[in-house]
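Coordinates from input-v6.cif are shown below (mmCIF, C-alpha atoms).
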data_start
loop_
_atom_site.group_PDB
_atom_site.id
_atom_site.type_symbol
_atom_site.label_atom_id
_atom_site.label_comp_id
_atom_site.auth_asym_id
_atom_site.auth_seq_id
_atom_site.Cartn_x
_atom_site.Cartn_y
_atom_site.Cartn_z
ATOM 1 C CA MET M 1 88.736 97.970 105.422
ATOM 2 C CA THR M 2 85.572 99.384 103.996
ATOM 3 C CA GLY M 3 83.729 97.989 101.024
ATOM 4 C CA ASN M 4 81.735 95.195 102.575
ATOM 5 C CA ASP M 5 78.533 96.858 101.485
ATOM 6 C CA SER M 6 78.964 96.012 97.823
ATOM 7 C CA SER M 7 77.313 93.192 95.974
ATOM 8 C CA ALA M 8 78.832 89.891 96.946
ATOM 9 C CA SER M 9 79.208 87.151 94.405
ATOM 10 C CA PRO M 10 80.397 84.282 96.531
ATOM 11 C CA GLY M 11 81.536 81.456 94.402
ATOM 12 C CA ALA M 12 79.842 82.741 91.284
ATOM 13 C CA GLU M 13 83.057 82.559 89.321
ATOM 14 C CA ASP M 14 84.774 79.765 91.164
ATOM 15 C CA PRO M 15 85.826 77.083 88.694
ATOM 16 C CA ARG M 16 83.913 74.453 90.656
ATOM 17 C CA PRO M 17 81.235 76.202 92.709
ATOM 18 C CA GLY M 18 79.840 72.906 93.909
ATOM 19 C CA ASP M 19 83.184 71.734 95.258
ATOM 20 C CA PRO M 20 82.704 71.439 99.015
ATOM 21 C CA ASP M 21 86.414 71.222 99.683
ATOM 22 C CA ILE M 22 86.983 74.813 98.662
ATOM 23 C CA ALA M 23 84.846 75.985 101.562
ATOM 24 C CA GLY M 24 86.086 77.034 104.970
ATOM 25 C CA THR M 25 82.793 75.680 106.179
ATOM 26 C CA ALA M 26 80.291 73.623 104.180
ATOM 27 C CA GLY M 27 78.457 75.708 101.609
ATOM 28 C CA ASN M 28 80.634 78.736 102.265
ATOM 29 C CA PRO M 29 83.066 79.190 99.381
ATOM 30 C CA ILE M 30 86.143 81.403 99.452
ATOM 31 C CA PRO M 31 84.482 84.790 99.692
ATOM 32 C CA HIS M 32 85.125 87.359 97.046
ATOM 33 C CA LEU M 33 83.327 90.452 95.848
ATOM 34 C CA ASP M 34 83.174 92.433 92.633
ATOM 35 C CA GLY M 35 85.029 95.631 91.791
ATOM 36 C CA ASN M 36 82.471 97.759 93.607
ATOM 37 C CA ALA M 37 84.105 96.672 96.851
ATOM 38 C CA ALA M 38 87.310 98.482 95.931
ATOM 39 C CA ALA M 39 85.520 101.655 94.826
ATOM 40 C CA GLY M 40 84.915 103.010 98.329
ATOM 41 C CA PRO M 41 88.524 102.947 99.527
ATOM 42 C CA LEU M 42 89.769 104.338 96.194
ATOM 43 C CA TRP M 43 87.186 107.141 96.367
ATOM 44 C CA GLU M 44 88.422 107.864 99.873
ATOM 45 C CA LEU M 45 91.974 108.141 98.542
ATOM 46 C CA PHE M 46 91.564 109.928 95.236
ATOM 47 C CA ARG M 47 87.958 111.136 95.000
ATOM 48 C CA LEU M 48 87.725 109.211 91.747
ATOM 49 C CA ASP M 49 84.902 106.818 90.936
ATOM 50 C CA VAL M 50 86.630 103.850 89.345
ATOM 51 C CA ILE M 51 83.622 101.561 88.946
ATOM 52 C CA ALA M 52 83.152 102.317 85.239
ATOM 53 C CA ALA M 53 86.851 102.883 84.586
ATOM 54 C CA ILE M 54 88.461 100.625 81.999
ATOM 55 C CA GLY M 55 91.634 98.878 83.070
ATOM 56 C CA ARG M 56 94.202 96.803 81.216
ATOM 57 C CA CYS M 57 95.661 93.786 82.994
ATOM 58 C CA LYS M 58 99.457 93.845 82.782
ATOM 59 C CA HIS M 59 99.601 90.048 83.057
ATOM 60 C CA CYS M 60 97.256 88.922 80.268
ATOM 61 C CA GLY M 61 96.304 92.119 78.473
ATOM 62 C CA ALA M 62 92.575 91.811 79.127
ATOM 63 C CA VAL M 63 90.752 95.139 78.992
ATOM 64 C CA ARG M 64 87.708 95.256 81.264
ATOM 65 C CA ALA M 65 85.596 97.524 83.400
ATOM 66 C CA PHE M 66 87.041 97.826 86.894
ATOM 67 C CA GLY M 67 83.699 96.819 88.377
ATOM 68 C CA GLU M 68 84.049 93.350 86.804
ATOM 69 C CA ALA M 69 87.222 92.538 88.719
ATOM 70 C CA SER M 70 87.340 90.028 91.588
ATOM 71 C CA VAL M 71 88.003 91.546 94.986
ATOM 72 C CA TYR M 72 89.321 89.610 97.994
ATOM 73 C CA ALA M 73 88.621 91.981 100.851
ATOM 74 C CA ASP M 74 88.803 90.062 104.098
ATOM 75 C CA GLY M 75 92.541 89.400 104.303
ATOM 76 C CA PRO M 76 95.287 91.611 105.681
ATOM 77 C CA GLY M 77 94.585 93.929 102.747
ATOM 78 C CA MET M 78 92.388 94.272 99.679
ATOM 79 C CA VAL M 79 93.437 92.360 96.574
ATOM 80 C CA VAL M 80 91.829 93.084 93.203
ATOM 81 C CA ARG M 81 92.327 90.378 90.581
ATOM 82 C CA CYS M 82 91.734 90.123 86.837
ATOM 83 C CA THR M 83 88.708 87.961 86.075
ATOM 84 C CA SER M 84 90.441 86.625 82.951
ATOM 85 C CA CYS M 85 93.756 85.396 84.383
ATOM 86 C CA GLU M 86 93.398 85.907 88.164
ATOM 87 C CA GLY M 87 96.571 88.037 88.148
ATOM 88 C CA VAL M 88 96.789 90.752 90.805
ATOM 89 C CA LEU M 89 95.726 94.147 89.429
ATOM 90 C CA LEU M 90 95.823 96.186 92.609
ATOM 91 C CA ARG M 91 96.593 95.801 96.314
ATOM 92 C CA LEU M 92 95.544 98.210 99.022
ATOM 93 C CA VAL M 93 96.651 98.007 102.646
ATOM 94 C CA GLU M 94 95.500 100.441 105.303
ATOM 95 C CA THR M 95 97.813 100.775 108.286
ATOM 96 C CA PRO M 96 97.186 103.116 111.211
ATOM 97 C CA THR M 97 99.465 105.692 109.588
ATOM 98 C CA SER M 98 99.385 105.033 105.828
ATOM 99 C CA PHE M 99 97.638 103.708 102.771
ATOM 100 C CA TRP M 100 99.817 101.359 100.727
ATOM 101 C CA LEU M 101 98.583 101.167 97.157
ATOM 102 C CA ASP M 102 100.168 98.929 94.518
ATOM 103 C CA VAL M 103 98.741 99.299 91.025
ATOM 104 C CA SER M 104 101.614 97.585 89.241
ATOM 105 C CA GLY M 105 99.255 94.944 87.804
ATOM 106 C CA LEU M 106 97.423 97.571 85.752
ATOM 107 C CA SER M 107 99.107 98.935 82.635
ATOM 108 C CA TYR M 108 96.509 101.692 82.567
ATOM 109 C CA LEU M 109 93.231 102.803 84.047
ATOM 110 C CA GLN M 110 91.027 104.894 81.780
ATOM 111 C CA ILE M 111 88.686 107.040 83.852
ATOM 112 C CA ASP M 112 85.968 109.022 82.096
ATOM 113 C CA ARG M 113 85.717 112.697 82.964
ATOM 114 C CA GLU M 114 82.327 113.562 84.322
ATOM 115 C CA SER M 115 80.181 115.335 81.732
ATOM 116 C CA MET C 116 99.397 77.950 128.242
ATOM 117 C CA GLY C 117 101.430 78.603 131.363
ATOM 118 C CA ILE C 118 99.540 78.257 134.619
ATOM 119 C CA ILE C 119 96.115 77.979 133.028
ATOM 120 C CA SER C 120 94.668 74.513 133.559
ATOM 121 C CA SER C 121 94.429 72.621 130.283
ATOM 122 C CA GLY C 122 91.016 71.381 131.451
ATOM 123 C CA PHE C 123 89.561 74.879 131.357
ATOM 124 C CA ARG C 124 88.118 75.560 127.915
ATOM 125 C CA GLY C 125 86.495 78.891 128.659
ATOM 126 C CA ARG C 126 86.840 81.826 126.320
ATOM 127 C CA ARG C 127 89.850 83.949 127.109
ATOM 128 C CA GLN C 128 89.407 87.618 126.411
ATOM 129 C CA ALA C 129 91.941 90.240 125.430
ATOM 130 C CA GLY C 130 94.421 90.572 128.255
ATOM 131 C CA SER C 131 94.761 86.816 128.711
ATOM 132 C CA PRO C 132 98.393 85.737 129.001
ATOM 133 C CA ALA C 133 97.795 83.413 126.036
ATOM 134 C CA LEU C 134 96.914 86.342 123.791
ATOM 135 C CA PRO C 135 99.548 88.649 122.280
ATOM 136 C CA PRO C 136 98.810 92.379 122.549
ATOM 137 C CA GLY C 137 95.878 93.607 120.463
ATOM 138 C CA GLN C 138 94.503 90.109 119.828
ATOM 139 C CA TYR C 139 91.114 88.565 120.697
ATOM 140 C CA GLU C 140 90.219 84.892 120.819
ATOM 141 C CA THR C 141 87.943 83.299 118.253
ATOM 142 C CA ALA C 142 86.494 79.802 118.286
ATOM 143 C CA SER C 143 85.998 79.737 114.513
ATOM 144 C CA PHE C 144 88.722 79.368 111.889
ATOM 145 C CA PRO C 145 88.311 82.338 109.555
ATOM 146 C CA VAL C 146 89.335 81.915 105.918
ATOM 147 C CA LEU C 147 91.515 84.810 104.842
ATOM 148 C CA THR C 148 92.880 84.642 101.361
ATOM 149 C CA ALA C 149 94.401 86.914 98.776
ATOM 150 C CA GLY C 150 92.943 84.952 95.890
ATOM 151 C CA PRO C 151 91.189 81.815 94.737
ATOM 152 C CA ALA C 152 92.215 78.505 96.289
ATOM 153 C CA PRO C 153 94.482 76.498 93.966
ATOM 154 C CA ASP C 154 93.434 72.902 93.399
ATOM 155 C CA ILE C 155 96.585 70.768 93.766
ATOM 156 C CA PRO C 156 96.073 66.987 93.560
ATOM 157 C CA THR C 157 98.628 65.245 95.765
ATOM 158 C CA GLU C 158 99.953 63.291 92.760
ATOM 159 C CA ASP C 159 100.995 66.639 91.245
ATOM 160 C CA TRP C 160 102.150 68.212 94.518
ATOM 161 C CA GLU C 161 105.831 68.811 95.128
ATOM 162 C CA PHE C 162 107.843 70.521 97.835
ATOM 163 C CA PHE C 163 111.205 72.079 97.020
ATOM 164 C CA ILE C 164 114.074 73.735 98.823
ATOM 165 C CA THR C 165 116.466 75.650 96.573
ATOM 166 C CA THR C 166 119.818 76.981 97.746
ATOM 167 C CA GLU C 167 121.731 80.121 96.789
ATOM 168 C CA GLU C 168 123.933 77.916 94.604
ATOM 169 C CA GLY C 169 120.953 76.726 92.594
ATOM 170 C CA ARG C 170 120.805 73.252 94.162
ATOM 171 C CA SER C 171 117.302 71.918 94.448
ATOM 172 C CA HIS C 172 115.965 69.356 96.927
ATOM 173 C CA THR C 173 112.503 68.067 96.062
ATOM 174 C CA TRP C 174 109.950 65.731 97.596
ATOM 175 C CA SER C 175 106.892 64.190 95.984
ATOM 176 C CA TRP C 176 103.804 63.727 98.156
ATOM 177 C CA ASP C 177 104.721 60.069 98.759
ATOM 178 C CA ALA C 178 108.322 60.915 99.673
ATOM 179 C CA PHE C 179 107.076 63.700 101.953
ATOM 180 C CA MET C 180 104.623 61.375 103.700
ATOM 181 C CA ALA C 181 107.408 58.814 104.233
ATOM 182 C CA LEU C 182 109.319 61.339 106.374
ATOM 183 C CA PRO C 183 108.890 61.387 110.171
ATOM 184 C CA GLN C 184 105.503 62.924 111.007
ATOM 185 C CA VAL C 185 104.850 64.876 114.185
ATOM 186 C CA ASP C 186 101.790 66.222 115.995
ATOM 187 C CA ILE C 187 101.803 69.931 116.755
ATOM 188 C CA GLY C 188 99.634 71.662 119.342
ATOM 189 C CA THR C 189 99.851 75.432 119.148
ATOM 190 C CA ASP C 190 98.110 78.791 119.281
ATOM 191 C CA ILE C 191 97.845 80.794 116.051
ATOM 192 C CA HIS C 192 97.636 84.565 115.683
ATOM 193 C CA CYS C 193 96.335 86.429 112.623
ATOM 194 C CA VAL C 194 97.457 90.008 111.987
ATOM 195 C CA THR C 195 93.785 90.983 111.543
ATOM 196 C CA SER C 196 93.595 90.503 115.350
ATOM 197 C CA TRP C 197 92.018 87.090 115.853
ATOM 198 C CA SER C 198 93.839 84.334 117.674
ATOM 199 C CA LYS C 199 92.847 80.698 117.839
ATOM 200 C CA LEU C 200 94.168 78.845 120.866
ATOM 201 C CA GLY C 201 95.001 75.178 121.193
ATOM 202 C CA THR C 202 94.952 74.153 117.517
ATOM 203 C CA SER C 203 96.101 70.652 116.483
ATOM 204 C CA TRP C 204 98.126 69.872 113.386
ATOM 205 C CA ARG C 205 100.199 67.057 111.909
ATOM 206 C CA GLY C 206 103.076 67.421 109.522
ATOM 207 C CA VAL C 207 106.810 67.356 108.882
ATOM 208 C CA SER C 208 109.300 69.565 110.713
ATOM 209 C CA LEU C 209 111.353 71.925 108.580
ATOM 210 C CA ASP C 210 114.343 70.587 110.544
ATOM 211 C CA THR C 211 113.751 67.229 108.851
ATOM 212 C CA LEU C 212 113.450 68.788 105.396
ATOM 213 C CA PHE C 213 116.595 70.902 105.891
ATOM 214 C CA GLU C 214 118.682 67.964 107.206
ATOM 215 C CA ASP C 215 120.722 67.531 104.012
ATOM 216 C CA VAL C 216 120.621 71.144 102.844
ATOM 217 C CA GLN C 217 123.936 73.009 102.904
ATOM 218 C CA THR C 218 123.572 76.783 102.898
ATOM 219 C CA THR C 219 125.112 80.019 104.090
ATOM 220 C CA SER C 220 121.891 81.964 103.459
ATOM 221 C CA ARG C 221 120.166 83.666 106.380
ATOM 222 C CA PHE C 222 116.838 84.323 104.709
ATOM 223 C CA THR C 223 114.135 82.463 102.813
ATOM 224 C CA THR C 224 111.167 83.100 100.576
ATOM 225 C CA ALA C 225 108.266 80.673 100.888
ATOM 226 C CA HIS C 226 106.506 80.094 97.548
ATOM 227 C CA SER C 227 102.914 78.917 97.258
ATOM 228 C CA TYR C 228 100.922 77.423 94.418
ATOM 229 C CA GLY C 229 98.937 80.374 93.072
ATOM 230 C CA GLY C 230 101.883 82.777 93.319
ATOM 231 C CA TYR C 231 101.763 83.920 96.960
ATOM 232 C CA THR C 232 105.118 84.561 98.627
ATOM 233 C CA THR C 233 106.278 85.443 102.141
ATOM 234 C CA ASN C 234 109.768 86.047 103.519
ATOM 235 C CA LEU C 235 111.169 84.480 106.675
ATOM 236 C CA PRO C 236 114.610 84.431 108.304
ATOM 237 C CA LEU C 237 115.966 80.873 108.141
ATOM 238 C CA ARG C 238 116.327 80.832 111.936
ATOM 239 C CA ASP C 239 112.536 81.163 112.232
ATOM 240 C CA LEU C 240 112.060 77.936 110.244
ATOM 241 C CA LEU C 241 114.482 75.773 112.237
ATOM 242 C CA ASP C 242 114.879 74.393 115.784
ATOM 243 C CA GLY C 243 111.348 73.058 116.112
ATOM 244 C CA LYS C 244 109.594 76.281 115.157
ATOM 245 C CA ALA C 245 108.067 75.445 111.742
ATOM 246 C CA TRP C 246 106.386 72.586 109.894
ATOM 247 C CA ILE C 247 104.764 71.647 106.609
ATOM 248 C CA ALA C 248 101.312 70.695 107.907
ATOM 249 C CA TRP C 249 98.848 68.531 106.004
ATOM 250 C CA GLU C 250 96.375 67.623 108.755
ATOM 251 C CA TYR C 251 94.279 69.929 110.920
ATOM 252 C CA ASP C 252 92.192 68.763 113.870
ATOM 253 C CA GLY C 253 92.546 65.122 112.847
ATOM 254 C CA LYS C 254 91.405 65.619 109.243
ATOM 255 C CA ALA C 255 93.142 66.286 105.946
ATOM 256 C CA LEU C 256 93.747 70.028 105.651
ATOM 257 C CA GLU C 257 90.874 71.623 103.701
ATOM 258 C CA ARG C 258 91.753 73.409 100.507
ATOM 259 C CA ALA C 259 90.408 76.702 101.838
ATOM 260 C CA HIS C 260 92.912 76.472 104.683
ATOM 261 C CA GLY C 261 95.823 75.632 102.395
ATOM 262 C CA GLY C 262 95.424 71.940 101.636
ATOM 263 C CA PRO C 263 96.962 69.695 100.638
ATOM 264 C CA ALA C 264 99.735 71.287 102.752
ATOM 265 C CA ARG C 265 100.654 74.642 104.229
ATOM 266 C CA LEU C 266 103.587 76.149 106.010
ATOM 267 C CA LEU C 267 102.985 76.404 109.770
ATOM 268 C CA VAL C 268 105.092 79.004 111.620
ATOM 269 C CA PRO C 269 102.887 79.691 114.625
ATOM 270 C CA HIS C 270 105.257 81.989 116.510
ATOM 271 C CA LEU C 271 104.813 84.585 113.738
ATOM 272 C CA TYR C 272 101.592 86.208 112.459
ATOM 273 C CA PHE C 273 99.666 83.710 110.400
ATOM 274 C CA TRP C 274 100.219 85.407 107.010
ATOM 275 C CA LYS C 275 103.709 83.869 107.289
ATOM 276 C CA SER C 276 102.158 80.371 107.404
ATOM 277 C CA ALA C 277 101.745 80.249 103.639
ATOM 278 C CA LYS C 278 98.818 78.171 102.368
ATOM 279 C CA TRP C 279 99.264 75.791 99.400
ATOM 280 C CA ILE C 280 103.002 75.683 100.048
ATOM 281 C CA ASN C 281 105.169 74.680 97.118
ATOM 282 C CA GLY C 282 108.671 75.334 98.375
ATOM 283 C CA VAL C 283 111.266 77.426 100.172
ATOM 284 C CA GLU C 284 113.940 79.413 98.375
ATOM 285 C CA LEU C 285 117.071 80.327 100.325
ATOM 286 C CA THR C 286 118.144 83.932 99.772
ATOM 287 C CA GLN C 287 121.093 86.068 100.862
ATOM 288 C CA GLU C 288 118.888 89.136 101.385
ATOM 289 C CA ASP C 289 115.556 89.518 103.158
ATOM 290 C CA ILE C 290 113.272 90.000 100.142
ATOM 291 C CA PRO C 291 109.767 91.277 101.021
ATOM 292 C CA GLY C 292 106.936 88.907 100.037
ATOM 293 C CA PHE C 293 103.337 89.536 98.976
ATOM 294 C CA TRP C 294 102.155 91.462 102.054
ATOM 295 C CA GLU C 295 105.573 92.584 103.275
ATOM 296 C CA SER C 296 106.106 94.548 100.056
ATOM 297 C CA ASN C 297 102.878 96.485 100.623
ATOM 298 C CA GLY C 298 102.842 97.739 104.182
ATOM 299 C CA TYR C 299 103.309 94.711 106.431
ATOM 300 C CA HIS C 300 106.255 94.012 108.705
ATOM 301 C CA LEU C 301 109.232 92.066 107.384
ATOM 302 C CA HIS C 302 109.289 89.765 110.443
ATOM 303 C CA GLY C 303 105.806 89.647 112.034
ATOM 304 C CA ASP C 304 106.294 88.655 115.688
ATOM 305 C CA PRO C 305 102.841 88.927 117.350
ATOM 306 C CA TRP C 306 104.317 89.357 120.850
ATOM 307 C CA ARG C 307 106.137 92.467 119.633
ATOM 308 C CA GLU C 308 103.127 93.572 117.554
ATOM 309 C CA GLU C 309 105.241 93.600 114.408
ATOM 310 C CA ARG C 310 102.197 94.232 112.194
ATOM 311 C CA TYR C 311 103.249 97.024 109.864
ATOM 312 C CA SER C 312 106.475 98.134 108.238
#

Could you express the structure from this file as structure tokens?
Amino acid sequence: MTGNDSSASPGAEDPRPGDPDIAGTAGNPIPHLDGNAAAGPLWELFRLDVIAAIGRCKHCGAVRAFGEASVYADGPGMVVRCTSCEGVLLRLVETPTSFWLDVSGLSYLQIDRES
Amino acid sequence: MGIISSGFRGRRQAGSPALPPGQYETASFPVLTAGPAPDIPTEDWEFFITTEEGRSHTWSWDAFMALPQVDIGTDIHCVTSWSKLGTSWRGVSLDTLFEDVQTTSRFTTAHSYGGYTTNLPLRDLLDGKAWIAWEYDGKALERAHGGPARLLVPHLYFWKSAKWINGVELTQEDIPGFWESNGYHLHGDPWREERYS
């Protein structure tokens, strides 16, 4: 997985950032990143910059910039979640032979054409 | 562990007989998660088993803790290539939980608080191969690692050991779960390197 070079926001949006029990180790909350972390792999796939794209969450209907989403990038694949309802917007798995992309949590993605 | 002396705690590198192919040993316990950690107070926690006929068996935390508890010593293997050897857990065997469950189903879907799912053949949950674990290394299981309780199926890649376990649904078909529906193997045996579909 690429994307570890984006701005990390560990715990910034956790409901209880001071809760020590959420940490794998003390002071180390469940790591997640912002939508920038998903931009690299999606650029690699489609040559589209999705950072400023506007997406609609299929679960709760929230319409937000892709860059505002929460990205969980250190698991078996990348999971992008809605910051309003935590529903899964997008999943991306890279295997040795394929990319597996699931965008079923997005009802649309509006991507501006470059001027 | 085989012929390796249990007194030897040195780091075993790739190629060790304790490590499945493509795995390396880590001393840490990495937190890998597909989303935020649900906060489930034990007074609200419940474990269910539902059958293909719609019958539901449920346990509250107190009823679950009143069941026979066992200590489990095992190696664990994550599909992202780390393995952690000699881990210690405490929990309830799935054999105990399935004692009064009548079913003809061959497959299951494990459901977690927070919406995560993973599919397992029923045979991989029975005969002393799987537990609902609530203690790790002598302490209550941390929320980041799936507390208050997680599924523990150590003979399969660790994504099958669903954190924040809520219940097991018996199914007639093998229905791909969260990772299995997006590129990962339906079964996930680390000794056969069943990583991808």

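Applied to the file shown here, the PyMOL selection byres ((chain C and resi 262) around 10) selects Asp21 and Ile22 of chain M; Ala152, Pro153, Asp154, Ile155, Pro156, Thr157, Ala248, Trp249, Glu250, Tyr251, Ala255, Leu256, Glu257, Arg258, Ala259, His260, Gly261, Pro263, Ala264, Arg265, Lys278, Trp279 and Ile280 of chain C.
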
Taking all atoms listed in the file into account, produce a table as a tab-separated table in which each residue of chain C with an atom at most 10 Å from an atom of chain M appears once, together with its shortest atom pair and the distance in Å to one decimal, ordered by chain and rising number.
residue	atom	partner	partner_atom	distance
C:Ser143	CA	M:Thr25	CA	9.8
C:Phe144	CA	M:Gly24	CA	7.8
C:Pro145	CA	M:Gly24	CA	7.4
C:Val146	CA	M:Gly24	CA	5.9
C:Leu147	CA	M:Gly75	CA	4.7
C:Thr148	CA	M:Gly75	CA	5.6
C:Ala149	CA	M:Tyr72	CA	5.8
C:Gly150	CA	M:Tyr72	CA	6.3
C:Pro151	CA	M:Ile30	CA	6.9
C:Ala152	CA	M:Ile22	CA	6.8
C:Pro153	CA	M:Ile22	CA	9.0
C:Asp154	CA	M:Ile22	CA	8.5
C:Cys193	CA	M:Pro76	CA	8.7
C:Val194	CA	M:Pro76	CA	6.9
C:Thr195	CA	M:Pro76	CA	6.1
C:Ser196	CA	M:Pro76	CA	9.9
C:Gly229	CA	M:Glu86	CA	9.2
C:Gly230	CA	M:Gly87	CA	9.1
C:Leu256	CA	M:Asp21	CA	9.5
C:Glu257	CA	M:Asp21	CA	6.0
C:Arg258	CA	M:Ile22	CA	5.3
C:Ala259	CA	M:Ile22	CA	5.0
C:His260	CA	M:Gly24	CA	6.9
C:Gly261	CA	M:Ile22	CA	9.6
C:Gly262	CA	M:Asp21	CA	9.2
C:Trp274	CA	M:Pro76	CA	8.0
C:Phe293	CA	M:Arg91	CA	9.6
C:Trp294	CA	M:Pro76	CA	7.8
C:Ser296	CA	M:Asp102	CA	9.2
C:Asn297	CA	M:Trp100	CA	5.8
C:Gly298	CA	M:Trp100	CA	5.8
C:Tyr299	CA	M:Val93	CA	8.3
C:Arg310	CA	M:Thr95	CA	8.8
C:Tyr311	CA	M:Thr95	CA	6.8
C:Ser312	CA	M:Thr95	CA	9.1

*What does the distance from atom CA of M:Arg64 to atom CA of M:Leu42 come to in Å, to one decimal?*
17.6 Å

_Can you pull out the residues contacting C:Trp176? Cut-off 9 Å, using only C-alpha atoms, and skip same-chain residues under 2 positions away; I want them as a PyMOL selection string._
chain C and resi 157-162+174+178-181

Run the PyMOL selection byres ((chain M and resi 52-57) around 9) on the file and write out the hits as a PDB file with C-alpha atoms, in the frame of the given file.
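As written to disk, out.pdb reads:
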ATOM      1  CA  ASP M  49      84.902 106.818  90.936  1.00  0.00           C
ATOM      2  CA  VAL M  50      86.630 103.850  89.345  1.00  0.00           C
ATOM      3  CA  ILE M  51      83.622 101.561  88.946  1.00  0.00           C
ATOM      4  CA  LYS M  58      99.457  93.845  82.782  1.00  0.00           C
ATOM      5  CA  HIS M  59      99.601  90.048  83.057  1.00  0.00           C
ATOM      6  CA  CYS M  60      97.256  88.922  80.268  1.00  0.00           C
ATOM      7  CA  GLY M  61      96.304  92.119  78.473  1.00  0.00           C
ATOM      8  CA  ALA M  62      92.575  91.811  79.127  1.00  0.00           C
ATOM      9  CA  VAL M  63      90.752  95.139  78.992  1.00  0.00           C
ATOM     10  CA  ARG M  64      87.708  95.256  81.264  1.00  0.00           C
ATOM     11  CA  ALA M  65      85.596  97.524  83.400  1.00  0.00           C
ATOM     12  CA  PHE M  66      87.041  97.826  86.894  1.00  0.00           C
ATOM     13  CA  GLY M  67      83.699  96.819  88.377  1.00  0.00           C
ATOM     14  CA  ARG M  81      92.327  90.378  90.581  1.00  0.00           C
ATOM     15  CA  CYS M  82      91.734  90.123  86.837  1.00  0.00           C
ATOM     16  CA  SER M  84      90.441  86.625  82.951  1.00  0.00           C
ATOM     17  CA  CYS M  85      93.756  85.396  84.383  1.00  0.00           C
ATOM     18  CA  GLY M  87      96.571  88.037  88.148  1.00  0.00           C
ATOM     19  CA  VAL M  88      96.789  90.752  90.805  1.00  0.00           C
ATOM     20  CA  LEU M  89      95.726  94.147  89.429  1.00  0.00           C
ATOM     21  CA  GLY M 105      99.255  94.944  87.804  1.00  0.00           C
ATOM     22  CA  LEU M 106      97.423  97.571  85.752  1.00  0.00           C
ATOM     23  CA  SER M 107      99.107  98.935  82.635  1.00  0.00           C
ATOM     24  CA  TYR M 108      96.509 101.692  82.567  1.00  0.00           C
ATOM     25  CA  LEU M 109      93.231 102.803  84.047  1.00  0.00           C
ATOM     26  CA  GLN M 110      91.027 104.894  81.780  1.00  0.00           C
ATOM     27  CA  ILE M 111      88.686 107.040  83.852  1.00  0.00           C
ATOM     28  CA  ASP M 112      85.968 109.022  82.096  1.00  0.00           C
TER      29      ASP M 112
END

*Pick out the residues sitting within 9 Å of C:Leu200, and hand them over as number ranges by chain; count all atoms listed in the file, and ignore anything fewer than 2 positions along from it in its own chain.*
C: 133-134, 140-142, 189-192, 198, 202

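Pairwise distance (atom CA of C:Ile290, atom CA of C:Leu237) equals 12.4 Å.
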